[in-house]
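S.K.: A single structure is presented below for examination.
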Amino acid sequence: MLYSLEKVATLIGAQRFGRAETQIDRLLTDSRSLAFPETTLFFALRTRQGDGHKYIDDLYRRGVRSFVVEDVPESFALRFPQAAFLRVLSPLRALQRLAERHREEYDLPIIGITGSNGKTVVKEWLYQVLSPTLRVTRSPRSYNSQIGVPLSVWLLNEQSQAGLFEAGISQPGEMESLRAIIQPTLGIMTNIGSAHQENFASIEEKCREKLSLFRDAQALVFNGDDALVRQCVEQMDFRGERLCWSMMDTHAPLYVSDITPLEEGTHLTYIYKESKHTVQLPFADEASIQNCCHLLMAALHLGLTPEEVDQRLQQLEPMAMRLEVKDGVRHTTLINDFYNSDINSLDIALDFLHRRQSGQHTHSTLILSDIEQTGIAPAELYQQVSKMVTARGVDRLIGVGKALMAHQTAFAGIATECYPTTEALLESGVLDTLANELILIKGARDFGFEQISAHLSQRIHTTTLEVNLEAMTENVAFYRSHLRPETKMVCMVKASGYGVGSVEIAKTLQERGVDYLAVAVADEGVQLRQAGITAGIIIMNPERSTMSTLFHYHLEPEVYSFALLETLIKAADREGVTDFPIHLKLDTGMHRLGFDPKVDIPVLIDRLLHQTALKPRSVFSHFVGSDSPAFDDFSAHQFQLFDEASRMLCAAFPHKILRHICNSAGIERFPERQLDMVRLGLGLYGIDPIDNRVLHNVATLRTTILQIHDIPAGDTVGYSRRTTLDRPSRIAAIPIGYADGLDRRLGNRCGYCLVNGQRAPYVGNICMDVCMIDVTDIPCHEGDSVEIFGDHLPVTELSDRLGTIPYEILTGISERVKRVYFQ
């Protein structure tokens, strides 16, 4: 539903100033999620993590024109002449109030879910059960906070037939605002645990606070065997239908009479409305069985037949775990979990650790931070932790935090050492003693355990690739000088930034105001997001197995076929995602990937107009030979095809769709074809693709001399005796080989490097980790620097000698080569 800015101002009681007249259909609180600035309303929230007002400059530059602000002066209208500002006392409260008014536009079943654990699992499983017959709008992932709930409810639209929203709280009084936003007709109370207990006077107070979400609901699903929940429901004088399920009370609305474990799953027998039925669950653990009982009761109440419920429960898919497994140094395996540190998630992580112990790794170490916000007395808490750690066979505990130090004696049966801070642990050197074992790294976010993981994952290698970030920004400026001011720019940082390292490159480009970054696969995009990159990220080669990752990290996929389009639509529907930005690729002559501009456009338009999951953000194509005048006629033919097809597609939609076809060479040679956006690739890294001249060199590959030998004439050097010395020679060994990306074809005097500015030819075959160079006529010593390519030896020299292109040289540099960034 589109809202005029005037209507929004009225709904939230805002004072308006500024000129913009826009239609709003997207709400934004996190600048990293920006996709469609033309119809986005940004709420400048002030939280403990930061102040949204400081992102106004950047968002305005990226095209946002509508802002909800707190206390900015009206002079902002002069600073941002095309923007409109809605000034309110609290942007957060304005966001919530707008969501309330939006919710009131819809008269349909709304299911609200709360509890201490299991909210997201129950929500996702209930969605899986209901979605075959209903169009269900649900909270994305775990959007259950004071900010997440209004953003979730805003997703309700004319196609919604039911809403499914979860609500989480950590303070008394928070649920009232969420109740007003969700206004559930059916409630589900999962369970009550210890999370955030320290903020409540008692667990009863917390239970009553959570139940207040359902004060006006027509029905409430809960576990009738949970005495606390049952008592609090009675005390709140709930007037709706009480839909409790029970394994003990035969008179409960849903009585579970038998639970039989199977080889894979569980067979459950229940009585509902005096009839006995069975259902087979694909899970065996107690928590999953309880979650299934909640959604079984809800699904039956919502009108599904027992047969439908049985069929759909059998097809439930498990929720993905957040634990990350990776190889560490000294033959260790790391299990990373930095998301939280509570007693329940620790139990899950320890179970995962225990299951991974095998013949390869029979010894295990737990690196654990203080566990906070439990409401349990520390002495009792760490006694529980000690029992859990012992039961799972952990051999060693390394604790971080003052509470663990104070209660170290609770772990008497385990080899234990504790440190006050993460920094103290890193400085102690104890991490360097870990080898040949499984290591679970489990810590609350505030402890910064990413540093521990990085230390245990680090690669040390004397060969380095030096990256000049200032030179890269000068290359951006060079290509921008060829653009119109309004033309946007995409910078290609795929293949680890063409081999020089994507994260630091992306950070620098983001600071320089680049509109989009582009990578090849989703994992590259995730790495950038986890490093704090907020700019738009395009995934050029999305894989079908990464759909959820794209949605979770706001990674915008290229779509080049109807098969991929349908996969994305189905995945977005499963995730409850709407209007997700995509970039449509047309094949105008490359014949690699893309829709046929002559045939596919009408069908593509029709399919896109009849779904709400995806929204085209751009349409583009690739020039085949924009770097050469020899292909100019074909380039003109390509542009004509693209121009006609892209205009037809853009005309079919009311929103702005960006068009782009120019690459680095096209920016220089075809200024009339720049359109809305261009893509900067090899030129970003200092190489002009038109003539291979170096602009501003970005990457320099260096190593050092390990050893120098005096070798007599007639002796051979290296494997297979390929180089015979024709004079007494000084031969230096340097620690770089084909495993680092140095091409073997450069050996036997086919190529050279620079030692103290002079040419030193490679002699002998290039080995995996070491190669030899002739330094007979070069004054040098062991430890001197060697330039493989860089400021004084262009990478194009190597590519020309090898008969290849600079791309191959740059992207071939191994990950074990350390990247050093400077500016």
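In the structure tokens, chains take letters A, B, ... by order of appearance, with residues numbered from 1 within each chain and ligands from 1 in the order shown.
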Tell me which protein, DNA and RNA residues are within 12 Å of segment 399-405 of chain A, counting only C-alpha atoms, leaving out same-chain ones fewer than 2 positions away, and put them as an MDAnalysis selection string.
M.R.: chainID A and resid 341 365:372 377:383 385:386 396:397 407:411 414:426 430 440:444 446:449 452
S.K.: Running DSSP on the backbone, which parts of segment 58-242 of chain A land in strand (DSSP E or B), as number ranges by chain?
M.R.: A: 66-69, 84-87, 110-114, 136-138, 162-166, 186-189, 219-223, 241-242
S.K.: Using only C-alpha atoms, which protein or nucleic acid residues come within 6 Å of segment 677-687 of chain A? Drop anything in the same chain fewer than 5 positions from it, and give the result as an MDAnalysis selection string.
M.R.: chainID A and resid 475 487:492 660 662:664 692:698
S.K.: For segment 781-787 of chain A, find every residue with an atom within 9 Å (counting only C-alpha atoms), except residues of its own chain fewer than 5 positions away, and show them as a list in words.
M.R.: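 Non-adjacent residues within range: Thr700, Leu701, Arg702, Thr703, Thr704, Ile705, Leu706, Gln707, Ile708, Ala732, Ile734, Cys753, Leu754, Val755, Asn756, Gly757, His792 and Leu793 of chain A.
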S.K.: Keeping C-alpha atoms, export the residues of the selection given above as a compact mmCIF listing (two decimals), in the first residue's frame.
M.R.:
```
# COMPACT_ATOMS: atom_id res chain seq x y z
CA THR A 700 52.23 -4.61 -5.32
CA LEU A 701 53.29 -8.21 -4.69
CA ARG A 702 56.47 -8.39 -2.58
CA THR A 703 58.58 -11.04 -0.93
CA THR A 704 62.09 -11.27 0.59
CA ILE A 705 65.33 -13.10 -0.09
CA LEU A 706 65.64 -16.16 2.14
CA GLN A 707 69.10 -17.34 1.19
CA ILE A 708 71.84 -16.67 -1.39
CA ALA A 732 68.75 -16.32 -4.35
CA ILE A 734 62.60 -16.36 -2.35
CA CYS A 753 61.26 -9.79 -10.75
CA LEU A 754 62.98 -6.72 -9.34
CA VAL A 755 65.63 -6.77 -6.61
CA ASN A 756 66.73 -3.33 -5.49
CA GLY A 757 65.23 -1.97 -8.71
CA HIS A 792 58.01 -0.47 -10.84
CA LEU A 793 57.05 -3.72 -12.59
```
S.K.: Using atom CA of Arg617 of chain A and atom CA of Ile582 of chain A as the two end points, give the distance in Å to one decimal.
M.R.: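 That distance, rounded to one decimal, is 5.5 Å.
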S.K.: Excluding segment 300-309 of chain A and residues on its chain fewer than 3 positions from it, collect all residues at most 12 Å away from it, counting only C-alpha atoms, and give them as a VMD selection string.
M.R.: chain A and resid 108 to 111 125 to 126 128 to 134 162 185 to 188 218 to 221 241 to 245 253 to 254 269 to 273 275 to 281 292 to 297 312 to 316
S.K.: Keeping N, CA and C atoms for every residue in the selection just given, could you write it to a file as a short mmCIF file (atom, residue, chain, number, x, y, z; two decimals), in the first residue's frame?
M.R.:
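Okay, this is what ended up in result02.cif:
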```cif
data_model
loop_
_atom_site.label_atom_id
_atom_site.label_comp_id
_atom_site.auth_asym_id
_atom_site.auth_seq_id
_atom_site.Cartn_x
_atom_site.Cartn_y
_atom_site.Cartn_z
N LEU A 108 -8.17 -9.44 9.23
CA LEU A 108 -7.81 -10.82 8.88
C LEU A 108 -7.17 -11.49 10.09
N PRO A 109 -7.02 -12.81 10.07
CA PRO A 109 -6.41 -13.49 11.23
C PRO A 109 -4.97 -13.05 11.41
N ILE A 110 -4.66 -12.62 12.62
CA ILE A 110 -3.30 -12.22 12.96
C ILE A 110 -2.85 -13.07 14.15
N ILE A 111 -1.80 -13.85 13.94
CA ILE A 111 -1.28 -14.71 15.01
C ILE A 111 -0.07 -14.03 15.63
N TRP A 125 7.70 -22.64 11.49
CA TRP A 125 7.01 -23.91 11.24
C TRP A 125 5.52 -23.70 10.98
N LEU A 126 4.90 -22.78 11.71
CA LEU A 126 3.49 -22.50 11.46
C LEU A 126 3.30 -21.92 10.07
N GLN A 128 5.17 -22.68 7.50
CA GLN A 128 5.26 -23.83 6.59
C GLN A 128 3.94 -24.61 6.54
N VAL A 129 3.26 -24.68 7.66
CA VAL A 129 2.00 -25.43 7.73
C VAL A 129 0.86 -24.67 7.04
N LEU A 130 0.81 -23.34 7.21
CA LEU A 130 -0.31 -22.56 6.70
C LEU A 130 -0.15 -22.11 5.25
N SER A 131 1.07 -21.91 4.82
CA SER A 131 1.30 -21.27 3.52
C SER A 131 0.80 -22.04 2.30
N PRO A 132 0.65 -23.38 2.35
CA PRO A 132 0.09 -24.02 1.15
C PRO A 132 -1.31 -23.56 0.79
N THR A 133 -2.08 -23.05 1.77
CA THR A 133 -3.46 -22.64 1.47
C THR A 133 -3.74 -21.18 1.76
N LEU A 134 -2.84 -20.49 2.44
CA LEU A 134 -3.06 -19.09 2.79
C LEU A 134 -1.85 -18.25 2.38
N ALA A 162 -3.38 -13.72 6.10
CA ALA A 162 -3.13 -13.94 7.52
C ALA A 162 -1.79 -13.28 7.85
N THR A 185 -5.32 -11.70 16.82
CA THR A 185 -6.61 -12.37 17.02
C THR A 185 -6.40 -13.75 17.64
N LEU A 186 -5.22 -14.35 17.40
CA LEU A 186 -4.85 -15.63 18.00
C LEU A 186 -3.46 -15.48 18.60
N GLY A 187 -3.28 -15.94 19.84
CA GLY A 187 -1.99 -15.85 20.49
C GLY A 187 -1.38 -17.21 20.72
N ILE A 188 -0.04 -17.28 20.69
CA ILE A 188 0.68 -18.51 21.03
C ILE A 188 1.76 -18.14 22.05
N GLN A 218 -8.77 -13.34 20.50
CA GLN A 218 -9.96 -14.20 20.53
C GLN A 218 -9.63 -15.58 21.09
N ALA A 219 -8.38 -16.00 20.97
CA ALA A 219 -7.99 -17.34 21.45
C ALA A 219 -6.51 -17.34 21.80
N LEU A 220 -6.11 -18.25 22.69
CA LEU A 220 -4.73 -18.32 23.14
C LEU A 220 -4.30 -19.78 23.22
N VAL A 221 -3.18 -20.08 22.54
CA VAL A 221 -2.58 -21.42 22.59
C VAL A 221 -1.45 -21.40 23.61
N GLU A 241 -10.89 -17.76 23.99
CA GLU A 241 -10.89 -19.23 24.04
C GLU A 241 -9.52 -19.74 24.47
N ARG A 242 -9.47 -20.56 25.49
CA ARG A 242 -8.21 -21.08 26.01
C ARG A 242 -7.90 -22.42 25.33
N LEU A 243 -6.92 -22.41 24.47
CA LEU A 243 -6.58 -23.58 23.66
C LEU A 243 -5.31 -24.22 24.19
N CYS A 244 -5.38 -24.77 25.39
CA CYS A 244 -4.19 -25.39 25.94
C CYS A 244 -4.05 -26.82 25.41
N TRP A 245 -2.82 -27.26 25.29
CA TRP A 245 -2.54 -28.66 24.98
C TRP A 245 -1.85 -29.27 26.19
N PRO A 253 -8.24 -29.20 25.59
CA PRO A 253 -8.71 -29.13 24.19
C PRO A 253 -7.91 -30.02 23.24
N LEU A 254 -6.61 -30.16 23.51
CA LEU A 254 -5.79 -31.09 22.74
C LEU A 254 -4.99 -31.92 23.72
N THR A 269 0.31 -39.35 19.19
CA THR A 269 -1.13 -39.61 19.18
C THR A 269 -1.82 -38.56 20.05
N TYR A 270 -2.93 -37.99 19.53
CA TYR A 270 -3.61 -36.94 20.28
C TYR A 270 -5.11 -37.05 20.11
N ILE A 271 -5.82 -36.44 21.05
CA ILE A 271 -7.29 -36.39 21.00
C ILE A 271 -7.71 -34.94 20.89
N TYR A 272 -8.50 -34.63 19.87
CA TYR A 272 -8.97 -33.27 19.62
C TYR A 272 -10.45 -33.34 19.27
N LYS A 273 -11.28 -32.62 20.03
CA LYS A 273 -12.72 -32.64 19.84
C LYS A 273 -13.25 -34.07 19.85
N SER A 275 -11.98 -36.84 19.15
CA SER A 275 -11.55 -37.79 18.12
C SER A 275 -10.04 -38.01 18.24
N LYS A 276 -9.63 -39.27 18.07
CA LYS A 276 -8.22 -39.62 18.17
C LYS A 276 -7.58 -39.55 16.78
N HIS A 277 -6.39 -38.95 16.76
CA HIS A 277 -5.65 -38.81 15.51
C HIS A 277 -4.17 -39.06 15.79
N THR A 278 -3.42 -39.27 14.74
CA THR A 278 -1.97 -39.43 14.86
C THR A 278 -1.26 -38.48 13.90
N VAL A 279 -0.04 -38.18 14.28
CA VAL A 279 0.80 -37.33 13.43
C VAL A 279 2.24 -37.78 13.59
N GLN A 280 2.97 -37.76 12.50
CA GLN A 280 4.38 -38.13 12.54
C GLN A 280 5.24 -36.88 12.41
N LEU A 281 6.13 -36.66 13.37
CA LEU A 281 7.00 -35.49 13.39
C LEU A 281 8.40 -35.87 12.93
N CYS A 292 6.06 -28.33 18.20
CA CYS A 292 5.08 -28.92 17.27
C CYS A 292 3.70 -29.00 17.90
N CYS A 293 3.63 -29.22 19.21
CA CYS A 293 2.32 -29.25 19.88
C CYS A 293 1.66 -27.88 19.82
N HIS A 294 2.44 -26.81 19.97
CA HIS A 294 1.88 -25.46 19.85
C HIS A 294 1.29 -25.24 18.46
N LEU A 295 2.05 -25.58 17.43
CA LEU A 295 1.55 -25.29 16.09
C LEU A 295 0.46 -26.28 15.68
N LEU A 296 0.46 -27.49 16.23
CA LEU A 296 -0.62 -28.45 15.98
C LEU A 296 -1.94 -27.88 16.48
N MET A 297 -1.94 -27.36 17.72
CA MET A 297 -3.15 -26.77 18.28
C MET A 297 -3.59 -25.56 17.47
N ARG A 312 1.41 -32.01 6.55
CA ARG A 312 2.30 -30.85 6.54
C ARG A 312 3.35 -30.90 7.64
N LEU A 313 2.99 -31.46 8.80
CA LEU A 313 3.99 -31.57 9.86
C LEU A 313 5.11 -32.52 9.47
N GLN A 314 4.79 -33.55 8.71
CA GLN A 314 5.83 -34.47 8.27
C GLN A 314 6.86 -33.79 7.37
N GLN A 315 6.47 -32.69 6.73
CA GLN A 315 7.34 -32.00 5.78
C GLN A 315 8.07 -30.80 6.38
N LEU A 316 7.95 -30.62 7.71
CA LEU A 316 8.61 -29.49 8.33
C LEU A 316 10.12 -29.55 8.10
#
```
S.K.: Of the residues A:Ile736, A:Val64, A:Ala630, A:Ile569, which is the one nearest to Thr464 of chain A, using only C-alpha atoms?
M.R.: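 Once distances to Thr464 of chain A are computed over only C-alpha atoms, the minimum belongs to A:Ile736.
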S.K.: So what do you get for atom CA of Gln159 of chain A versus atom CA of Leu614 of chain A, distance-wise?
M.R.: 14.2 Å
S.K.: Do you know which residues are at most 12 Å from Glu263 of chain A counting only C-alpha atoms, after dropping those on the same chain fewer than 3 positions away, and could you put them as a PDB file with N, CA and C atoms, in the first residue's frame?
M.R.:
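result.pdb was written with the following content:
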```
ATOM      1  N   THR A 260       5.763 -41.747  20.757  1.00  0.00           N
ATOM      2  CA  THR A 260       6.596 -42.913  20.475  1.00  0.00           C
ATOM      3  C   THR A 260       7.785 -42.513  19.617  1.00  0.00           C
ATOM      4  N   THR A 266       9.335 -38.797  15.442  1.00  0.00           N
ATOM      5  CA  THR A 266       8.473 -39.135  16.574  1.00  0.00           C
ATOM      6  C   THR A 266       7.052 -39.371  16.078  1.00  0.00           C
ATOM      7  N   HIS A 267       6.394 -40.388  16.622  1.00  0.00           N
ATOM      8  CA  HIS A 267       4.984 -40.662  16.333  1.00  0.00           C
ATOM      9  C   HIS A 267       4.156 -40.160  17.511  1.00  0.00           C
ATOM     10  N   GLN A 280       2.969 -37.756  12.499  1.00  0.00           N
ATOM     11  CA  GLN A 280       4.382 -38.129  12.541  1.00  0.00           C
ATOM     12  C   GLN A 280       5.239 -36.876  12.407  1.00  0.00           C
ATOM     13  N   LEU A 281       6.131 -36.664  13.367  1.00  0.00           N
ATOM     14  CA  LEU A 281       6.999 -35.492  13.388  1.00  0.00           C
ATOM     15  C   LEU A 281       8.398 -35.874  12.926  1.00  0.00           C
ATOM     16  N   PRO A 282       9.056 -34.996  12.182  1.00  0.00           N
ATOM     17  CA  PRO A 282      10.411 -35.309  11.707  1.00  0.00           C
ATOM     18  C   PRO A 282      11.498 -34.964  12.727  1.00  0.00           C
ATOM     19  N   PHE A 283      11.103 -34.790  14.004  1.00  0.00           N
ATOM     20  CA  PHE A 283      12.057 -34.423  15.047  1.00  0.00           C
ATOM     21  C   PHE A 283      11.894 -35.348  16.245  1.00  0.00           C
ATOM     22  N   ALA A 284      12.971 -35.459  17.030  1.00  0.00           N
ATOM     23  CA  ALA A 284      12.926 -36.346  18.190  1.00  0.00           C
ATOM     24  C   ALA A 284      13.229 -35.633  19.498  1.00  0.00           C
TER      25      ALA A 284
END
```
S.K.: Between A:Phe562, A:Tyr106, A:Tyr821, A:Phe639, single out the one closest to Leu469 of chain A, counting only C-alpha atoms.
M.R.: A:Tyr821
